[in-house]
Amino acid sequence: MQETNVINFRPDAFIPYGRQSIDENDINAVIEVLQSNWLTSGPKISEFEAAVADYAGAQEAVAVSSGTAALHAAIYALNISVNDEVILPPITFAATANAIIYQGGTPVLADVSPDTLLIDPAQVEKRITDKTKAIIGVDYSGHPCDYDALRAIAEKYGLYLIADSCHAIGALYKDQHISRLADLTVLSFHPVKHITTGEGGMVLTNIDRLVERMRRFRNHGIDVDASQRQTNGSWHYQITDTGFNYRLTDIQCALGLSQMKKLPVFLARRRQIAGQYDRSLLRIKGIVPLTVKSDVRHAYHLYVIRVQNGLSRRQMFQHLREAGIGVNVHYIPIHHHPYYQKTLGYQKGDFPVADTAYEEIISLPIFPDMTDGEVETVLKTINMFTRTQGGEINDTVRQ
Ligand SMILES: *Cc1c(COP(=O)(O)O)cnc(C)c1O
């Protein structure tokens, strides 16, 4: 007999920084597909696309095999290629830059704002040349970028705006869902993200003409998909474009559909944990959470603190890890990696705000199944560390 109450069992006391939540409904949804006729290119794909599009307020959605594939599809859809430049922040996962490179384009970095670590619109404007084609805003940690400012720049210079919202499904900017803020919005369904399909990604858009282009792109550049061929009883297809096999399977989409039902609960729990961290960390000098603007609803993929005031980030990181707390650092800035230094000519120090932030940031554990006790453990361990470092309680704060 299978034990069903241990789905989320973690083999040791280690608290990871992020983790999937899987329940019996998820498992049953996957089993159902395994017993059906369609393992891939079947009905679950458009069902999942519709569920996410509805939720995020987008007209169209294209499901693909990863967030990275979604970024690639977005770059491809906009015809970005050799001699084109795309502006992005240095504080992001490497995939944001790689997607541009896949199509022969050149990633151009623009520094972030010190309070949020989101791309700084003033820096974006300085990087625009006559080769610039698009801007990618990364909703780092789940906080939407300053889309009004980015949109104004995009319109002024005739550029496309892409949102790398892999951290931000469920976030709001001025009461609007993230999918309404950019021309193309990219999501990831990796297990650490808000909802998971194992691996998976999606592009949301309201621009019709880009949709078919991305659907072909995910399927070898073929102009009809397998289910259409089956209903047409036809062997005929045409390759009309460059394409990849970036399909998401029905197995994965069934999991995604089941996960989507729980997204509001997942988001609420993430926000609750963030609130607990906010309230407690306010009292510790030298631990500074990133700023949350008053006109956004944060989605808290990550809870990022900056370690300042003479406290050592390295020592604090080690202390937490040794205590079984899976803290992490998001991210090593793009311009610190040898590959981009070699191919794009960047070096450490080129983006002072990102460089300073990178010395100070730590991502604390945050995921829907994290217990109150685990949150307490993280906070106690931080408290203990700051005390041994001669840290003080921030007594300017009283609540
Ligand atoms: C996770 C992530 C990606 C890539 O998504 P995958 O699904 O892992 O390919 C891209 N950009 C950002 C900001 C991410 O966090």
# chains A, B, ... in the order shown; residues from 1 in each chain; ligands from 1

call {"tool": "residues_near_ligand", "arguments": {"ligand": "ligand 1", "cutoff": "7 Å", "atoms": "only C-alpha atoms and all ligand atoms", "output": "PyMOL selection string"}}
result
chain A and resi 66-69+92-93+95-96+138+140+164-167+188-190+199-201

call {"tool": "atom_distance", "arguments": {"atom1": "CA of Lys156 in chain A", "atom2": "CA of Leu184 in chain A"}}
result
18.1 Å

call {"tool": "residues_around", "arguments": {"residues": "Leu255 in chain A", "least_positions_apart": "6", "cutoff": "6 Å", "atoms": "only C-alpha atoms", "output": "NGL selection string"}}
result
:A and (26 or 30 or 197)

call {"tool": "select_by_dssp", "arguments": {"residues": "range 180-379 of chain A", "states": "strand (DSSP E)", "output": "list in words"}}
result
Leu184, Thr185, Val186, Leu187, Ser188, Gly201, Met202, Val203, Leu204, Thr205, Ile287, Val288, Pro289, Val296, Arg297, Tyr303, Val304, Ile305, Arg306, Val307, Ile361, Ile362, Ser363 and Leu364 of chain A

call {"tool": "select_by_dssp", "arguments": {"residues": "range 230-372 of chain A", "states": "alpha helix (DSSP H)", "output": "MDAnalysis selection string"}}
result
chainID A and resid 230:232 250:260 263:281 313:322 338:344 352:360 372

call {"tool": "closest_residue", "arguments": {"among": "A:Arg387, A:His72, A:Lys342, A:Lys133", "to": "Leu187 in chain A", "atoms": "only C-alpha atoms"}}
result
A:His72

call {"tool": "atom_distance", "arguments": {"atom1": "CA of Thr116 in chain A", "atom2": "CA of Phe351 in chain A"}}
result
15.0 Å

call {"tool": "closest_atom_pairs", "arguments": {"of": "range 186-263 of chain A", "to": "range 12-23 of chain A", "cutoff": "12 Å", "atoms": "only C-alpha atoms", "output": "tab-separated table"}}
result
residue	atom	partner	partner_atom	distance
A:Phe189	CA	A:Gln20	CA	9.9
A:His190	CA	A:Gln20	CA	8.6
A:Pro191	CA	A:Gln20	CA	4.9
A:Val192	CA	A:Arg19	CA	4.8
A:Lys193	CA	A:Gln20	CA	7.5
A:His194	CA	A:Gln20	CA	7.9
A:Ile195	CA	A:Gln20	CA	7.3
A:Thr196	CA	A:Gln20	CA	6.8
A:Thr197	CA	A:Gln20	CA	9.6
A:Gly198	CA	A:Gln20	CA	9.0
A:Glu199	CA	A:Gln20	CA	11.6
A:Leu255	CA	A:Ile22	CA	9.1
A:Gly256	CA	A:Ile22	CA	10.7
A:Ser258	CA	A:Asp23	CA	9.4
A:Gln259	CA	A:Ile22	CA	8.1
A:Met260	CA	A:Ser21	CA	11.6
A:Lys261	CA	A:Asp23	CA	11.7
A:Lys262	CA	A:Ser21	CA	9.5
A:Leu263	CA	A:Ser21	CA	10.4

call {"tool": "closest_residue", "arguments": {"among": "A:Leu181, A:Ala56, A:Leu34, A:Ile135", "to": "Gln252 in chain A", "atoms": "only C-alpha atoms"}}
result
A:Leu34

call {"tool": "atom_distance", "arguments": {"atom1": "CA of Ala171 in chain A", "atom2": "CA of His298 in chain A"}}
result
5.2 Å

call {"tool": "residues_around", "arguments": {"residues": "Tyr173 in chain A", "least_positions_apart": "2", "cutoff": "12 Å", "atoms": "only C-alpha atoms", "output": "list of chain:residue names"}}
result
A:Asp139, A:Gly142, A:His143, A:Pro144, A:Cys145, A:Asp146, A:Tyr147, A:Asp148, A:Ala168, A:Ile169, A:Gly170, A:Ala171, A:Asp175, A:Gln176, A:His177, A:Ile178, A:Ser179, A:Arg180, A:Leu181, A:Ala182, A:Val292, A:Lys293, A:Ser294, A:Asp295, A:Val296, A:Arg297, A:His298, A:Ala299

call {"tool": "residues_around", "arguments": {"residues": "range 271-279 of chain A", "least_positions_apart": "5", "cutoff": "10 Å", "atoms": "only C-alpha atoms", "output": "list in words"}}
result
Val265, Phe266, Val288, Pro289, Leu290, Arg297, His298, Ala299, Tyr300, His301, Leu302, Tyr303, Val304, Ile305, Leu364, Pro365, Ile366, Phe367, Pro368, Met370, Thr371, Asp372, Val375, Glu376, Val378, Leu379 and Gln399 of chain A

call {"tool": "write_last_selection", "arguments": {"atoms": "N, CA and C atoms", "output": "tab-separated table (two decimals), in the first residue's frame"}}
result
chain	number	residue	atom	x	y	z
A	265	VAL	N	-3.68	29.94	-3.00
A	265	VAL	CA	-3.27	29.50	-1.66
A	265	VAL	C	-1.74	29.57	-1.51
A	266	PHE	N	-1.05	29.14	-2.57
A	266	PHE	CA	0.42	29.19	-2.54
A	266	PHE	C	0.90	30.63	-2.34
A	288	VAL	N	18.67	44.00	6.03
A	288	VAL	CA	17.74	44.91	5.36
A	288	VAL	C	17.04	44.19	4.20
A	289	PRO	N	15.75	43.86	4.36
A	289	PRO	CA	15.02	43.27	3.24
A	289	PRO	C	14.92	44.26	2.08
A	290	LEU	N	14.77	43.74	0.87
A	290	LEU	CA	14.59	44.63	-0.28
A	290	LEU	C	13.32	45.45	-0.11
A	297	ARG	N	1.83	44.45	-5.74
A	297	ARG	CA	1.52	43.30	-4.91
A	297	ARG	C	2.62	42.29	-5.23
A	298	HIS	N	3.46	42.05	-4.25
A	298	HIS	CA	4.64	41.20	-4.42
A	298	HIS	C	4.24	39.73	-4.48
A	299	ALA	N	4.91	38.94	-5.32
A	299	ALA	CA	4.58	37.51	-5.41
A	299	ALA	C	5.55	36.63	-4.61
A	300	TYR	N	6.64	37.21	-4.13
A	300	TYR	CA	7.59	36.50	-3.24
A	300	TYR	C	8.00	35.11	-3.72
A	301	HIS	N	8.54	35.06	-4.94
A	301	HIS	CA	9.28	33.85	-5.30
A	301	HIS	C	10.48	33.73	-4.37
A	302	LEU	N	11.15	34.85	-4.14
A	302	LEU	CA	12.30	34.88	-3.23
A	302	LEU	C	12.03	35.90	-2.12
A	303	TYR	N	12.64	35.64	-0.97
A	303	TYR	CA	12.69	36.67	0.07
A	303	TYR	C	14.17	37.02	0.24
A	304	VAL	N	14.54	38.20	-0.24
A	304	VAL	CA	15.95	38.58	-0.31
A	304	VAL	C	16.28	39.62	0.76
A	305	ILE	N	17.32	39.36	1.53
A	305	ILE	CA	17.80	40.36	2.49
A	305	ILE	C	19.18	40.85	2.06
A	364	LEU	N	16.41	33.96	1.69
A	364	LEU	CA	15.95	33.10	2.80
A	364	LEU	C	14.92	32.10	2.28
A	365	PRO	N	14.77	30.96	2.95
A	365	PRO	CA	13.78	29.97	2.51
A	365	PRO	C	12.37	30.56	2.49
A	366	ILE	N	11.65	30.27	1.42
A	366	ILE	CA	10.23	30.65	1.33
A	366	ILE	C	9.56	29.74	0.31
A	367	PHE	N	8.59	28.98	0.77
A	367	PHE	CA	7.83	28.08	-0.12
A	367	PHE	C	6.54	27.72	0.61
A	368	PRO	N	5.49	27.37	-0.14
A	368	PRO	CA	4.16	27.23	0.47
A	368	PRO	C	4.07	26.24	1.62
A	370	MET	N	6.33	25.53	3.77
A	370	MET	CA	7.20	25.88	4.89
A	370	MET	C	6.33	26.12	6.12
A	371	THR	N	6.70	25.50	7.24
A	371	THR	CA	5.87	25.61	8.44
A	371	THR	C	6.25	26.87	9.24
A	372	ASP	N	5.35	27.28	10.12
A	372	ASP	CA	5.65	28.40	11.02
A	372	ASP	C	6.89	28.10	11.84
A	375	VAL	N	9.93	28.78	9.82
A	375	VAL	CA	10.16	30.23	9.72
A	375	VAL	C	10.83	30.71	11.01
A	376	GLU	N	10.32	30.23	12.15
A	376	GLU	CA	10.90	30.58	13.45
A	376	GLU	C	12.36	30.15	13.53
A	378	VAL	N	14.50	29.78	11.12
A	378	VAL	CA	15.32	30.66	10.30
A	378	VAL	C	15.58	31.97	11.05
A	379	LEU	N	14.52	32.53	11.62
A	379	LEU	CA	14.64	33.82	12.31
A	379	LEU	C	15.53	33.70	13.55
A	399	GLN	N	7.32	48.16	17.82
A	399	GLN	CA	5.96	47.75	17.41
A	399	GLN	C	5.48	46.62	18.28

call {"tool": "residues_around", "arguments": {"residues": "Pro121 in chain A", "least_positions_apart": "2", "cutoff": "8 Å", "atoms": "only C-alpha atoms", "output": "list in words"}}
result
Ile119, Gln123, Val124, Glu125, Asp146, Ala149, Leu150 and Ile153 of chain A

call {"tool": "write_last_selection", "arguments": {"atoms": "C-alpha atoms", "output": "PDB file, in the first residue's frame"}}
result
ATOM      1  CA  ILE A 119      16.295  47.252 -13.783  1.00  0.00           C
ATOM      2  CA  GLN A 123      20.098  53.222 -16.894  1.00  0.00           C
ATOM      3  CA  VAL A 124      18.056  51.532 -19.624  1.00  0.00           C
ATOM      4  CA  GLU A 125      17.686  54.803 -21.488  1.00  0.00           C
ATOM      5  CA  ASP A 146       8.631  49.901 -12.960  1.00  0.00           C
ATOM      6  CA  ALA A 149       8.687  53.942 -16.907  1.00  0.00           C
ATOM      7  CA  LEU A 150       9.852  51.000 -19.057  1.00  0.00           C
ATOM      8  CA  ILE A 153      10.959  54.327 -22.867  1.00  0.00           C
TER       9      ILE A 153
END

call {"tool": "decode", "arguments": {"residues": "range 288-399 of chain A", "atoms": "C-alpha atoms", "output": "PDB file, in the first residue's frame"}}
result
ATOM      1  CA  VAL A 288      17.739  44.907   5.356  1.00  0.00           C
ATOM      2  CA  PRO A 289      15.020  43.265   3.244  1.00  0.00           C
ATOM      3  CA  LEU A 290      14.590  44.627  -0.283  1.00  0.00           C
ATOM      4  CA  THR A 291      12.180  47.532  -0.601  1.00  0.00           C
ATOM      5  CA  VAL A 292       8.613  46.772  -1.665  1.00  0.00           C
ATOM      6  CA  LYS A 293       6.964  49.667  -3.517  1.00  0.00           C
ATOM      7  CA  SER A 294       3.525  50.680  -2.336  1.00  0.00           C
ATOM      8  CA  ASP A 295       1.946  50.314  -5.801  1.00  0.00           C
ATOM      9  CA  VAL A 296       2.746  46.595  -6.242  1.00  0.00           C
ATOM     10  CA  ARG A 297       1.520  43.298  -4.908  1.00  0.00           C
ATOM     11  CA  HIS A 298       4.644  41.202  -4.421  1.00  0.00           C
ATOM     12  CA  ALA A 299       4.577  37.510  -5.412  1.00  0.00           C
ATOM     13  CA  TYR A 300       7.588  36.496  -3.243  1.00  0.00           C
ATOM     14  CA  HIS A 301       9.281  33.845  -5.300  1.00  0.00           C
ATOM     15  CA  LEU A 302      12.299  34.885  -3.228  1.00  0.00           C
ATOM     16  CA  TYR A 303      12.695  36.670   0.070  1.00  0.00           C
ATOM     17  CA  VAL A 304      15.954  38.575  -0.307  1.00  0.00           C
ATOM     18  CA  ILE A 305      17.800  40.365   2.485  1.00  0.00           C
ATOM     19  CA  ARG A 306      20.892  42.524   2.339  1.00  0.00           C
ATOM     20  CA  VAL A 307      23.517  41.974   5.019  1.00  0.00           C
ATOM     21  CA  GLN A 308      25.019  45.325   5.948  1.00  0.00           C
ATOM     22  CA  ASN A 309      26.381  47.376   8.845  1.00  0.00           C
ATOM     23  CA  GLY A 310      29.622  45.442   9.216  1.00  0.00           C
ATOM     24  CA  LEU A 311      27.952  42.026   9.351  1.00  0.00           C
ATOM     25  CA  SER A 312      29.613  39.492   7.046  1.00  0.00           C
ATOM     26  CA  ARG A 313      27.402  38.036   4.338  1.00  0.00           C
ATOM     27  CA  ARG A 314      29.809  35.150   3.853  1.00  0.00           C
ATOM     28  CA  GLN A 315      29.823  34.263   7.558  1.00  0.00           C
ATOM     29  CA  MET A 316      26.091  34.607   7.877  1.00  0.00           C
ATOM     30  CA  PHE A 317      25.536  32.417   4.828  1.00  0.00           C
ATOM     31  CA  GLN A 318      27.840  29.753   6.264  1.00  0.00           C
ATOM     32  CA  HIS A 319      26.236  29.959   9.701  1.00  0.00           C
ATOM     33  CA  LEU A 320      22.763  29.429   8.218  1.00  0.00           C
ATOM     34  CA  ARG A 321      23.892  26.583   5.967  1.00  0.00           C
ATOM     35  CA  GLU A 322      25.607  24.835   8.869  1.00  0.00           C
ATOM     36  CA  ALA A 323      22.347  25.147  10.792  1.00  0.00           C
ATOM     37  CA  GLY A 324      20.571  23.249   7.986  1.00  0.00           C
ATOM     38  CA  ILE A 325      18.993  26.283   6.372  1.00  0.00           C
ATOM     39  CA  GLY A 326      19.218  26.266   2.595  1.00  0.00           C
ATOM     40  CA  VAL A 327      19.911  29.911   1.987  1.00  0.00           C
ATOM     41  CA  ASN A 328      21.110  30.884  -1.451  1.00  0.00           C
ATOM     42  CA  VAL A 329      22.412  33.865  -3.402  1.00  0.00           C
ATOM     43  CA  HIS A 330      20.346  35.084  -6.353  1.00  0.00           C
ATOM     44  CA  TYR A 331      22.170  35.846  -8.493  1.00  0.00           C
ATOM     45  CA  ILE A 332      25.829  35.967  -9.389  1.00  0.00           C
ATOM     46  CA  PRO A 333      25.518  38.978 -11.728  1.00  0.00           C
ATOM     47  CA  ILE A 334      25.677  38.213 -15.443  1.00  0.00           C
ATOM     48  CA  HIS A 335      28.844  40.307 -15.877  1.00  0.00           C
ATOM     49  CA  HIS A 336      30.699  38.255 -13.249  1.00  0.00           C
ATOM     50  CA  HIS A 337      30.558  35.067 -15.337  1.00  0.00           C
ATOM     51  CA  PRO A 338      33.598  34.320 -17.531  1.00  0.00           C
ATOM     52  CA  TYR A 339      31.457  33.484 -20.575  1.00  0.00           C
ATOM     53  CA  TYR A 340      29.829  36.917 -20.789  1.00  0.00           C
ATOM     54  CA  GLN A 341      33.093  38.650 -19.910  1.00  0.00           C
ATOM     55  CA  LYS A 342      34.774  36.835 -22.792  1.00  0.00           C
ATOM     56  CA  THR A 343      31.999  37.278 -25.361  1.00  0.00           C
ATOM     57  CA  LEU A 344      30.525  40.657 -24.353  1.00  0.00           C
ATOM     58  CA  GLY A 345      33.567  42.364 -22.824  1.00  0.00           C
ATOM     59  CA  TYR A 346      32.063  42.992 -19.404  1.00  0.00           C
ATOM     60  CA  GLN A 347      33.970  42.833 -16.146  1.00  0.00           C
ATOM     61  CA  LYS A 348      33.271  42.926 -12.432  1.00  0.00           C
ATOM     62  CA  GLY A 349      32.678  46.484 -11.321  1.00  0.00           C
ATOM     63  CA  ASP A 350      30.891  47.572 -14.508  1.00  0.00           C
ATOM     64  CA  PHE A 351      27.530  47.871 -12.741  1.00  0.00           C
ATOM     65  CA  PRO A 352      28.223  49.308  -9.291  1.00  0.00           C
ATOM     66  CA  VAL A 353      24.727  48.909  -7.854  1.00  0.00           C
ATOM     67  CA  ALA A 354      24.560  45.245  -8.863  1.00  0.00           C
ATOM     68  CA  ASP A 355      28.167  44.685  -7.769  1.00  0.00           C
ATOM     69  CA  THR A 356      27.507  46.056  -4.273  1.00  0.00           C
ATOM     70  CA  ALA A 357      24.222  44.176  -3.958  1.00  0.00           C
ATOM     71  CA  TYR A 358      25.901  40.916  -4.931  1.00  0.00           C
ATOM     72  CA  GLU A 359      28.246  41.248  -1.926  1.00  0.00           C
ATOM     73  CA  GLU A 360      25.292  41.607   0.446  1.00  0.00           C
ATOM     74  CA  ILE A 361      22.323  39.509  -0.701  1.00  0.00           C
ATOM     75  CA  ILE A 362      20.994  36.283   0.756  1.00  0.00           C
ATOM     76  CA  SER A 363      17.742  34.543  -0.240  1.00  0.00           C
ATOM     77  CA  LEU A 364      15.949  33.101   2.797  1.00  0.00           C
ATOM     78  CA  PRO A 365      13.776  29.970   2.513  1.00  0.00           C
ATOM     79  CA  ILE A 366      10.230  30.654   1.331  1.00  0.00           C
ATOM     80  CA  PHE A 367       7.828  28.079  -0.119  1.00  0.00           C
ATOM     81  CA  PRO A 368       4.159  27.234   0.467  1.00  0.00           C
ATOM     82  CA  ASP A 369       4.703  24.132   2.623  1.00  0.00           C
ATOM     83  CA  MET A 370       7.199  25.883   4.891  1.00  0.00           C
ATOM     84  CA  THR A 371       5.873  25.613   8.443  1.00  0.00           C
ATOM     85  CA  ASP A 372       5.647  28.402  11.017  1.00  0.00           C
ATOM     86  CA  GLY A 373       8.184  26.412  13.032  1.00  0.00           C
ATOM     87  CA  GLU A 374      10.616  26.481  10.105  1.00  0.00           C
ATOM     88  CA  VAL A 375      10.164  30.228   9.722  1.00  0.00           C
ATOM     89  CA  GLU A 376      10.900  30.578  13.449  1.00  0.00           C
ATOM     90  CA  THR A 377      14.018  28.427  13.092  1.00  0.00           C
ATOM     91  CA  VAL A 378      15.321  30.663  10.296  1.00  0.00           C
ATOM     92  CA  LEU A 379      14.644  33.822  12.311  1.00  0.00           C
ATOM     93  CA  LYS A 380      16.178  32.416  15.498  1.00  0.00           C
ATOM     94  CA  THR A 381      19.288  31.333  13.625  1.00  0.00           C
ATOM     95  CA  ILE A 382      19.671  34.807  12.088  1.00  0.00           C
ATOM     96  CA  ASN A 383      19.192  36.375  15.518  1.00  0.00           C
ATOM     97  CA  MET A 384      21.798  34.130  17.040  1.00  0.00           C
ATOM     98  CA  PHE A 385      24.267  34.935  14.306  1.00  0.00           C
ATOM     99  CA  THR A 386      23.830  38.691  14.615  1.00  0.00           C
ATOM    100  CA  ARG A 387      24.254  38.457  18.410  1.00  0.00           C
ATOM    101  CA  THR A 388      27.519  36.563  18.145  1.00  0.00           C
ATOM    102  CA  GLN A 389      28.647  39.305  15.754  1.00  0.00           C
ATOM    103  CA  GLY A 390      27.888  41.949  18.379  1.00  0.00           C
ATOM    104  CA  GLY A 391      24.725  42.821  16.475  1.00  0.00           C
ATOM    105  CA  GLU A 392      22.213  45.112  18.055  1.00  0.00           C
ATOM    106  CA  ILE A 393      18.491  45.176  18.178  1.00  0.00           C
ATOM    107  CA  ASN A 394      17.230  48.053  16.130  1.00  0.00           C
ATOM    108  CA  ASP A 395      15.592  50.039  18.890  1.00  0.00           C
ATOM    109  CA  THR A 396      14.524  52.860  16.640  1.00  0.00           C
ATOM    110  CA  VAL A 397      11.764  50.445  15.642  1.00  0.00           C
ATOM    111  CA  ARG A 398       9.024  49.814  18.130  1.00  0.00           C
ATOM    112  CA  GLN A 399       5.961  47.749  17.409  1.00  0.00           C
TER     113      GLN A 399
END
